[in-house]
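Peer 1: Here it is, the structure in full.
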Amino acid sequence: MTDLHTGPSAAPRNVSSLLTSLGEQKRNCTVLVAGSPGGAIHLRDGLVVAVETPGAPTVEGLLLRSGRVTEEAWAAVCAADPHHERTAAELTGRGLVGAGEFEVVCTAAVFDGAFALSLTTPGSWEVAEATPVVRSGRTVRPERLIRESSNRLAVLSDERGSAGERARSRVRRAPAAEPTPGMEGTAVPRRLPARVRAVLDAADGRRTSRDIAFALGRGLYPVLLDLKRLEDDGLVEREIRVPVPRRPSTAPRSLPARDTVPETPATGVLPRRVPGSNSLQPSSEPPSAAH
């Protein structure tokens, strides 16, 4: 396939190429990504302003579940600003969250949502009209978002499994972290920061990293980092999923003709993607050190 950057008629190969193209066109739109978990990537003037996905807490989830804002206060903010055009002003005006803190939360949610989308292959994507979304004034270039997602995937992947496997696995306390009968407390080192201890307490064998992130009002990636540290210290264990045997396929051995993706018209309007393309994964650029 002709490279995306060689001309306006080339069709995007994947979501990463799509975002790059939308950035070059300075588009105002929302990219709807289907799949598990799927989600929506919001752009303004070609720059990413928000990423929403069931795979990671949104800005609302981070504010509410962390206790920064109560549900009643958030409902009042949404009632006064139904189109999310002045959320920051409403929050600061009511003395709920400072402007700087709100920007940090929004930016963290953008990177965390993109990372969550990178863990699986999307079923399809579609470029739609821009929809209202909670956001700050901070924007992120698509290239930076893709590069950071690559860095995070590399940090969490090792000989014990990929980042996606870590995210999908249920976690539980290891025997070394269980309370000792007849003794106060557990064998957990006292040096553990409070945030890491909270993750350990939430690892009950039924929750995945995503579940823990939503329960604590924290980002998926930071929770996965803490779980990796706990696993390295022998304090948590991941569920090992055994593949279920399947019956041999009786489908025809010959492959059907593959659908082609229509080329992008000269107007710059991007087509809807045919299912089966690649995920929100970076190109061959090697990952740099994670921050």
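Every chain in the structure tokens has a letter given in the order shown (A, B, ...), and although residue numbers restart at 1 in each chain, ligands are simply numbered from 1 in the order shown.
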Would you mind listing what lies within 10 Å of segment 161-165 of chain A as a ChimeraX atom specification, with only C-alpha atoms counted and same-chain residues fewer than 3 positions away left out?
Peer 2: /A:115-116,118-120,152-158,168-170,221,224,238-241
Peer 1: At most 10 Å is the cut-off: for each residue in segment 206-229 of chain A with any atom that close to an atom of segment 65-88 of chain A, write down the nearest atom pair and the distance in Å rounded to one decimal, counting only C-alpha atoms, chain first then increasing number, as a Markdown table.
Peer 2:
| residue | atom | partner | partner_atom | distance |
| --- | --- | --- | --- | --- |
| A:Ala213 | CA | A:Arg65 | CA | 9.4 |
| A:Phe214 | CA | A:Arg65 | CA | 7.1 |
| A:Ala215 | CA | A:Arg65 | CA | 6.7 |
| A:Leu216 | CA | A:Ser66 | CA | 6.1 |
| A:Gly217 | CA | A:Arg65 | CA | 4.3 |
| A:Arg218 | CA | A:Ser66 | CA | 7.1 |
Peer 1: Generate the output file for the selected residues, all heavy atoms, as an mmCIF file, in the first residue's frame.
Peer 2:
data_model
loop_
_atom_site.group_PDB
_atom_site.id
_atom_site.type_symbol
_atom_site.label_atom_id
_atom_site.label_comp_id
_atom_site.auth_asym_id
_atom_site.auth_seq_id
_atom_site.Cartn_x
_atom_site.Cartn_y
_atom_site.Cartn_z
ATOM 1 N N ALA A 213 -8.078 0.065 38.621
ATOM 2 C CA ALA A 213 -7.955 1.468 38.228
ATOM 3 C C ALA A 213 -9.278 2.200 38.431
ATOM 4 O O ALA A 213 -9.309 3.318 38.967
ATOM 5 C CB ALA A 213 -7.507 1.568 36.768
ATOM 6 N N PHE A 214 -10.378 1.588 38.012
ATOM 7 C CA PHE A 214 -11.685 2.216 38.178
ATOM 8 C C PHE A 214 -12.054 2.317 39.656
ATOM 9 O O PHE A 214 -12.631 3.319 40.091
ATOM 10 C CB PHE A 214 -12.758 1.423 37.423
ATOM 11 C CG PHE A 214 -12.887 1.806 35.980
ATOM 12 C CD1 PHE A 214 -12.092 1.218 35.014
ATOM 13 C CD2 PHE A 214 -13.801 2.775 35.589
ATOM 14 C CE1 PHE A 214 -12.200 1.573 33.676
ATOM 15 C CE2 PHE A 214 -13.923 3.143 34.256
ATOM 16 C CZ PHE A 214 -13.127 2.541 33.301
ATOM 17 N N ALA A 215 -11.744 1.295 40.433
ATOM 18 C CA ALA A 215 -12.101 1.300 41.851
ATOM 19 C C ALA A 215 -11.361 2.388 42.623
ATOM 20 O O ALA A 215 -11.919 3.014 43.526
ATOM 21 C CB ALA A 215 -11.816 -0.065 42.472
ATOM 22 N N LEU A 216 -10.105 2.635 42.248
ATOM 23 C CA LEU A 216 -9.281 3.602 42.979
ATOM 24 C C LEU A 216 -9.308 4.996 42.358
ATOM 25 O O LEU A 216 -8.790 5.940 42.956
ATOM 26 C CB LEU A 216 -7.834 3.103 43.049
ATOM 27 C CG LEU A 216 -7.607 1.766 43.757
ATOM 28 C CD1 LEU A 216 -6.122 1.412 43.740
ATOM 29 C CD2 LEU A 216 -8.126 1.811 45.188
ATOM 30 N N GLY A 217 -9.881 5.131 41.149
ATOM 31 C CA GLY A 217 -9.867 6.432 40.488
ATOM 32 C C GLY A 217 -8.479 6.821 40.029
ATOM 33 O O GLY A 217 -8.083 7.979 40.120
ATOM 34 N N ARG A 218 -7.740 5.829 39.506
ATOM 35 C CA ARG A 218 -6.390 6.070 39.003
ATOM 36 C C ARG A 218 -6.305 5.600 37.560
ATOM 37 O O ARG A 218 -7.153 4.859 37.079
ATOM 38 C CB ARG A 218 -5.353 5.328 39.852
ATOM 39 C CG ARG A 218 -5.237 5.811 41.286
ATOM 40 C CD ARG A 218 -4.101 5.096 41.985
ATOM 41 N NE ARG A 218 -2.842 5.283 41.267
ATOM 42 C CZ ARG A 218 -1.783 4.467 41.410
ATOM 43 N NH1 ARG A 218 -1.851 3.417 42.203
ATOM 44 N NH2 ARG A 218 -0.680 4.712 40.739
#
Peer 1: Can you build me a table of segment 86-112 of chain A residues sitting at most 9 Å from segment 32-52 of chain A, with the closest atom pair per residue and its distance in Å to one decimal, using only C-alpha atoms, sorted by chain and residue number, as a tab-separated table?
Peer 2:
residue	atom	partner	partner_atom	distance
A:Cys106	CA	A:Ala50	CA	7.4
A:Thr107	CA	A:Ala50	CA	7.8
A:Ala109	CA	A:Val51	CA	7.0
A:Val110	CA	A:Val51	CA	5.0
A:Phe111	CA	A:Val51	CA	7.8
A:Asp112	CA	A:Val51	CA	8.2
Peer 1: I need the residues from that last selection saved to file as a short mmCIF file (atom, residue, chain, number, x, y, z; two decimals), in the first residue's frame (with N, CA, C and O atoms), if you can.
Peer 2:
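Wrote it out as out-v5.cif, contents follow:
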data_model
loop_
_atom_site.label_atom_id
_atom_site.label_comp_id
_atom_site.auth_asym_id
_atom_site.auth_seq_id
_atom_site.Cartn_x
_atom_site.Cartn_y
_atom_site.Cartn_z
N CYS A 106 -6.86 15.88 32.89
CA CYS A 106 -7.30 15.71 31.50
C CYS A 106 -6.19 15.17 30.61
O CYS A 106 -6.41 14.27 29.78
N THR A 107 -5.00 15.70 30.76
CA THR A 107 -3.87 15.25 29.95
C THR A 107 -3.51 13.81 30.27
O THR A 107 -3.24 13.01 29.36
N ALA A 109 -5.53 11.54 31.32
CA ALA A 109 -6.59 10.69 30.76
C ALA A 109 -6.41 10.48 29.26
O ALA A 109 -6.74 9.41 28.74
N VAL A 110 -5.90 11.49 28.56
CA VAL A 110 -5.64 11.35 27.12
C VAL A 110 -4.62 10.24 26.87
O VAL A 110 -4.84 9.32 26.07
N PHE A 111 -3.48 10.31 27.55
CA PHE A 111 -2.43 9.33 27.35
C PHE A 111 -2.86 7.94 27.84
O PHE A 111 -2.53 6.92 27.23
N ASP A 112 -3.59 7.91 28.95
CA ASP A 112 -4.02 6.63 29.50
C ASP A 112 -5.04 5.96 28.59
O ASP A 112 -5.00 4.74 28.36
#
Peer 1: Which distance in Å separates atom CA of Arg135 of chain A and atom CA of Val59 of chain A, to one decimal?
Peer 2: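 If I compute the distance from atom CA of Arg135 of chain A to atom CA of Val59 of chain A, I get 8.0 Å.
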Peer 1: Need the shell around Pro57 of chain A: protein/DNA/RNA residues with any atom at most 7 Å away, counting only C-alpha atoms. Skip same-chain ones fewer than 3 positions apart. Format as a list in words?
Peer 2: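 The residues that qualify are Gly61, Leu62, Phe214 and Gly219 of chain A.
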Peer 1: How would the residues just chosen look if you wrote them out with N, CA, C and O atoms as a CSV table (one decimal), in the first residue's frame?
Peer 2:
chain,number,residue,atom,x,y,z
A,61,GLY,N,-14.4,9.8,35.7
A,61,GLY,CA,-14.1,8.7,36.6
A,61,GLY,C,-12.9,9.0,37.5
A,61,GLY,O,-12.9,8.7,38.7
A,62,LEU,N,-11.9,9.7,37.0
A,62,LEU,CA,-10.7,10.0,37.8
A,62,LEU,C,-11.1,11.0,38.9
A,62,LEU,O,-10.6,10.9,40.0
A,214,PHE,N,-10.4,1.6,38.0
A,214,PHE,CA,-11.7,2.2,38.2
A,214,PHE,C,-12.1,2.3,39.7
A,214,PHE,O,-12.6,3.3,40.1
A,219,GLY,N,-5.3,6.0,36.9
A,219,GLY,CA,-5.1,5.6,35.5
A,219,GLY,C,-4.7,4.2,35.4
A,219,GLY,O,-4.1,3.6,36.3
Peer 1: Please provide as a PyMOL selection string all residues within 12 Å of Leu200 of chain A, with the sequence filter that same-chain residues fewer than 4 positions apart are discarded (counting only C-alpha atoms).
Peer 2: chain A and resi 171-174+176-178+186+188-189+192-196+204-205+207-209+212-213+216+223-224+226-231+233-237
Peer 1: Would you please give, as a list of chain:residue names, all residues of segment 15-76 of chain A that DSSP assigns to alpha helix (DSSP H) based on the backbone?
Peer 2: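 So, restricting segment 15-76 of chain A to alpha helix (DSSP H), we get A:Val15, A:Ser16, A:Ser17, A:Leu18, A:Leu19, A:Thr20, A:Ser21, A:Leu22, A:Gly23, A:Glu24, A:Gln25, A:Val59, A:Glu60, A:Gly61, A:Leu62, A:Leu63, A:Leu64, A:Arg65, A:Glu71, A:Glu72, A:Ala73, A:Trp74, A:Ala75, A:Ala76.
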Peer 1: Could those residues be written to a file, using C-alpha atoms, as a PDB file, in the first residue's frame?
Peer 2:
ATOM      1  CA  VAL A  15      -5.591   4.152  13.472  1.00  0.00           C
ATOM      2  CA  SER A  16      -2.114   5.602  13.955  1.00  0.00           C
ATOM      3  CA  SER A  17      -1.887   6.558  10.270  1.00  0.00           C
ATOM      4  CA  LEU A  18      -5.415   7.900  10.447  1.00  0.00           C
ATOM      5  CA  LEU A  19      -4.581  10.211  13.349  1.00  0.00           C
ATOM      6  CA  THR A  20      -1.489  11.444  11.552  1.00  0.00           C
ATOM      7  CA  SER A  21      -3.550  12.237   8.459  1.00  0.00           C
ATOM      8  CA  LEU A  22      -6.231  14.010  10.495  1.00  0.00           C
ATOM      9  CA  GLY A  23      -3.515  16.033  12.184  1.00  0.00           C
ATOM     10  CA  GLU A  24      -2.122  17.129   8.845  1.00  0.00           C
ATOM     11  CA  GLN A  25      -5.613  18.165   7.736  1.00  0.00           C
ATOM     12  CA  VAL A  59     -11.747  12.459  33.391  1.00  0.00           C
ATOM     13  CA  GLU A  60     -15.093  12.096  35.144  1.00  0.00           C
ATOM     14  CA  GLY A  61     -14.093   8.729  36.595  1.00  0.00           C
ATOM     15  CA  LEU A  62     -10.728  10.038  37.796  1.00  0.00           C
ATOM     16  CA  LEU A  63     -12.331  13.015  39.536  1.00  0.00           C
ATOM     17  CA  LEU A  64     -15.210  11.128  41.139  1.00  0.00           C
ATOM     18  CA  ARG A  65     -13.636   7.817  42.150  1.00  0.00           C
ATOM     19  CA  GLU A  71     -21.204  13.066  42.387  1.00  0.00           C
ATOM     20  CA  GLU A  72     -23.578  15.841  43.433  1.00  0.00           C
ATOM     21  CA  ALA A  73     -21.045  18.551  42.635  1.00  0.00           C
ATOM     22  CA  TRP A  74     -20.227  16.958  39.273  1.00  0.00           C
ATOM     23  CA  ALA A  75     -23.916  16.738  38.388  1.00  0.00           C
ATOM     24  CA  ALA A  76     -24.256  20.449  39.115  1.00  0.00           C
TER      25      ALA A  76
END
Peer 1: Pull the strand (DSSP E) assignments for segment 103-231 of chain A out of DSSP run on the backbone, and list those residues as a ChimeraX atom specification.
Peer 2: /A:124-129,170-173,204-208
Peer 1: Convert the current residue selection to file output with all heavy atoms, as a compact mmCIF listing (two decimals), in the first residue's frame.
Peer 2:
# COMPACT_ATOMS: atom_id res chain seq x y z
N SER A 124 -12.78 -1.97 13.87
CA SER A 124 -12.96 -1.03 12.76
C SER A 124 -12.87 0.37 13.33
O SER A 124 -12.80 0.57 14.54
CB SER A 124 -14.32 -1.24 12.08
OG SER A 124 -15.37 -1.01 13.00
N TRP A 125 -12.85 1.36 12.43
CA TRP A 125 -12.88 2.75 12.88
C TRP A 125 -13.70 3.58 11.92
O TRP A 125 -13.91 3.21 10.77
CB TRP A 125 -11.48 3.32 13.06
CG TRP A 125 -10.51 3.11 11.92
CD1 TRP A 125 -9.47 2.24 11.87
CD2 TRP A 125 -10.48 3.81 10.66
NE1 TRP A 125 -8.80 2.33 10.67
CE2 TRP A 125 -9.39 3.30 9.91
CE3 TRP A 125 -11.26 4.82 10.11
CZ2 TRP A 125 -9.08 3.75 8.64
CZ3 TRP A 125 -10.95 5.27 8.83
CH2 TRP A 125 -9.86 4.74 8.12
N GLU A 126 -14.15 4.72 12.41
CA GLU A 126 -14.96 5.63 11.59
C GLU A 126 -14.72 7.06 12.04
O GLU A 126 -14.65 7.35 13.23
CB GLU A 126 -16.44 5.28 11.76
CG GLU A 126 -17.37 6.22 10.99
CD GLU A 126 -18.84 5.92 11.27
OE1 GLU A 126 -19.11 4.95 12.01
OE2 GLU A 126 -19.70 6.67 10.78
N VAL A 127 -14.55 7.95 11.08
CA VAL A 127 -14.39 9.37 11.37
C VAL A 127 -15.77 10.02 11.37
O VAL A 127 -16.48 9.99 10.37
CB VAL A 127 -13.48 10.06 10.35
CG1 VAL A 127 -13.34 11.55 10.66
CG2 VAL A 127 -12.11 9.40 10.32
N ALA A 128 -16.16 10.59 12.51
CA ALA A 128 -17.48 11.19 12.66
C ALA A 128 -17.35 12.67 13.01
O ALA A 128 -16.24 13.19 13.21
CB ALA A 128 -18.26 10.47 13.76
N GLU A 129 -18.48 13.34 13.06
CA GLU A 129 -18.50 14.75 13.44
C GLU A 129 -17.98 14.90 14.87
O GLU A 129 -18.13 14.01 15.71
CB GLU A 129 -19.92 15.31 13.36
CG GLU A 129 -20.48 15.37 11.95
CD GLU A 129 -19.73 16.36 11.07
OE1 GLU A 129 -19.24 17.38 11.62
OE2 GLU A 129 -19.62 16.13 9.86
N ARG A 170 -6.49 -11.35 35.94
CA ARG A 170 -6.90 -11.06 37.31
C ARG A 170 -5.69 -11.20 38.21
O ARG A 170 -4.79 -12.01 37.95
CB ARG A 170 -8.01 -12.02 37.76
CG ARG A 170 -9.33 -11.83 37.03
CD ARG A 170 -10.39 -12.73 37.64
NE ARG A 170 -11.69 -12.50 37.02
CZ ARG A 170 -12.15 -13.18 35.98
NH1 ARG A 170 -11.40 -14.13 35.44
NH2 ARG A 170 -13.35 -12.93 35.48
N VAL A 171 -5.65 -10.41 39.27
CA VAL A 171 -4.50 -10.45 40.17
C VAL A 171 -4.97 -10.68 41.61
O VAL A 171 -6.06 -10.26 42.00
CB VAL A 171 -3.69 -9.13 40.10
CG1 VAL A 171 -2.94 -9.03 38.79
CG2 VAL A 171 -4.60 -7.92 40.27
N ARG A 172 -4.13 -11.35 42.37
CA ARG A 172 -4.44 -11.61 43.78
C ARG A 172 -3.17 -11.49 44.61
O ARG A 172 -2.05 -11.58 44.08
CB ARG A 172 -5.02 -13.01 43.95
CG ARG A 172 -4.08 -14.13 43.54
CD ARG A 172 -4.67 -15.50 43.83
NE ARG A 172 -3.77 -16.57 43.42
CZ ARG A 172 -3.77 -17.13 42.22
NH1 ARG A 172 -4.65 -16.70 41.32
NH2 ARG A 172 -2.93 -18.09 41.91
N ARG A 173 -3.36 -11.31 45.89
CA ARG A 173 -2.22 -11.26 46.79
C ARG A 173 -1.52 -12.60 46.80
O ARG A 173 -2.15 -13.66 46.84
CB ARG A 173 -2.69 -10.92 48.21
CG ARG A 173 -3.32 -9.55 48.36
CD ARG A 173 -3.96 -9.41 49.72
NE ARG A 173 -2.96 -9.28 50.77
CZ ARG A 173 -2.64 -8.12 51.34
NH1 ARG A 173 -3.24 -7.00 50.97
NH2 ARG A 173 -1.75 -8.06 52.30
N ASP A 204 -7.81 -8.78 44.80
CA ASP A 204 -8.55 -9.80 45.53
C ASP A 204 -8.77 -11.09 44.73
O ASP A 204 -9.52 -11.97 45.16
CB ASP A 204 -9.91 -9.25 45.97
CG ASP A 204 -10.74 -8.74 44.79
OD1 ASP A 204 -10.31 -8.92 43.63
OD2 ASP A 204 -11.81 -8.17 45.04
N GLY A 205 -8.14 -11.20 43.57
CA GLY A 205 -8.30 -12.40 42.76
C GLY A 205 -9.46 -12.32 41.78
O GLY A 205 -9.57 -13.16 40.88
N ARG A 206 -10.33 -11.34 41.97
CA ARG A 206 -11.45 -11.17 41.05
C ARG A 206 -11.25 -9.98 40.12
O ARG A 206 -11.87 -9.91 39.06
CB ARG A 206 -12.75 -10.96 41.83
CG ARG A 206 -13.14 -12.12 42.72
CD ARG A 206 -14.50 -11.90 43.36
NE ARG A 206 -14.55 -10.70 44.18
CZ ARG A 206 -14.20 -10.65 45.46
NH1 ARG A 206 -13.75 -11.75 46.06
NH2 ARG A 206 -14.28 -9.52 46.14
N ARG A 207 -10.42 -9.04 40.50
CA ARG A 207 -10.22 -7.81 39.73
C ARG A 207 -9.04 -7.92 38.77
O ARG A 207 -8.02 -8.52 39.09
CB ARG A 207 -9.98 -6.63 40.67
CG ARG A 207 -11.18 -6.21 41.51
CD ARG A 207 -10.83 -4.94 42.26
NE ARG A 207 -11.94 -4.38 43.00
CZ ARG A 207 -12.04 -4.36 44.32
NH1 ARG A 207 -11.07 -4.89 45.05
NH2 ARG A 207 -13.08 -3.81 44.92
N THR A 208 -9.22 -7.28 37.62
CA THR A 208 -8.11 -7.06 36.71
C THR A 208 -7.51 -5.69 37.03
O THR A 208 -8.02 -4.95 37.88
CB THR A 208 -8.59 -7.08 35.25
OG1 THR A 208 -9.50 -5.98 35.06
CG2 THR A 208 -9.29 -8.38 34.91
Peer 1: Which is closest to Gly113 of chain A among A:Leu225, A:Pro175, A:Thr58, A:Ala203, if we use only C-alpha atoms?
Peer 2: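 For Gly113 of chain A, the nearest of the candidates is A:Thr58.
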Peer 1: Go through A:Ala114, A:Asn14, A:Glu90, A:Glu103 one by one, measure the shortest atom-to-atom distance of each to Asn151 of chain A using only C-alpha atoms, and give the residue with the smallest value.
Peer 2: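 Once distances to Asn151 of chain A are computed over only C-alpha atoms, the minimum belongs to A:Ala114.
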Peer 1: Which value, in Å to one decimal, gives the distance between atom CA of Thr53 of chain A and atom CA of Arg160 of chain A?
Peer 2: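 For atom CA of Thr53 of chain A relative to atom CA of Arg160 of chain A, the distance reads 26.5 Å.
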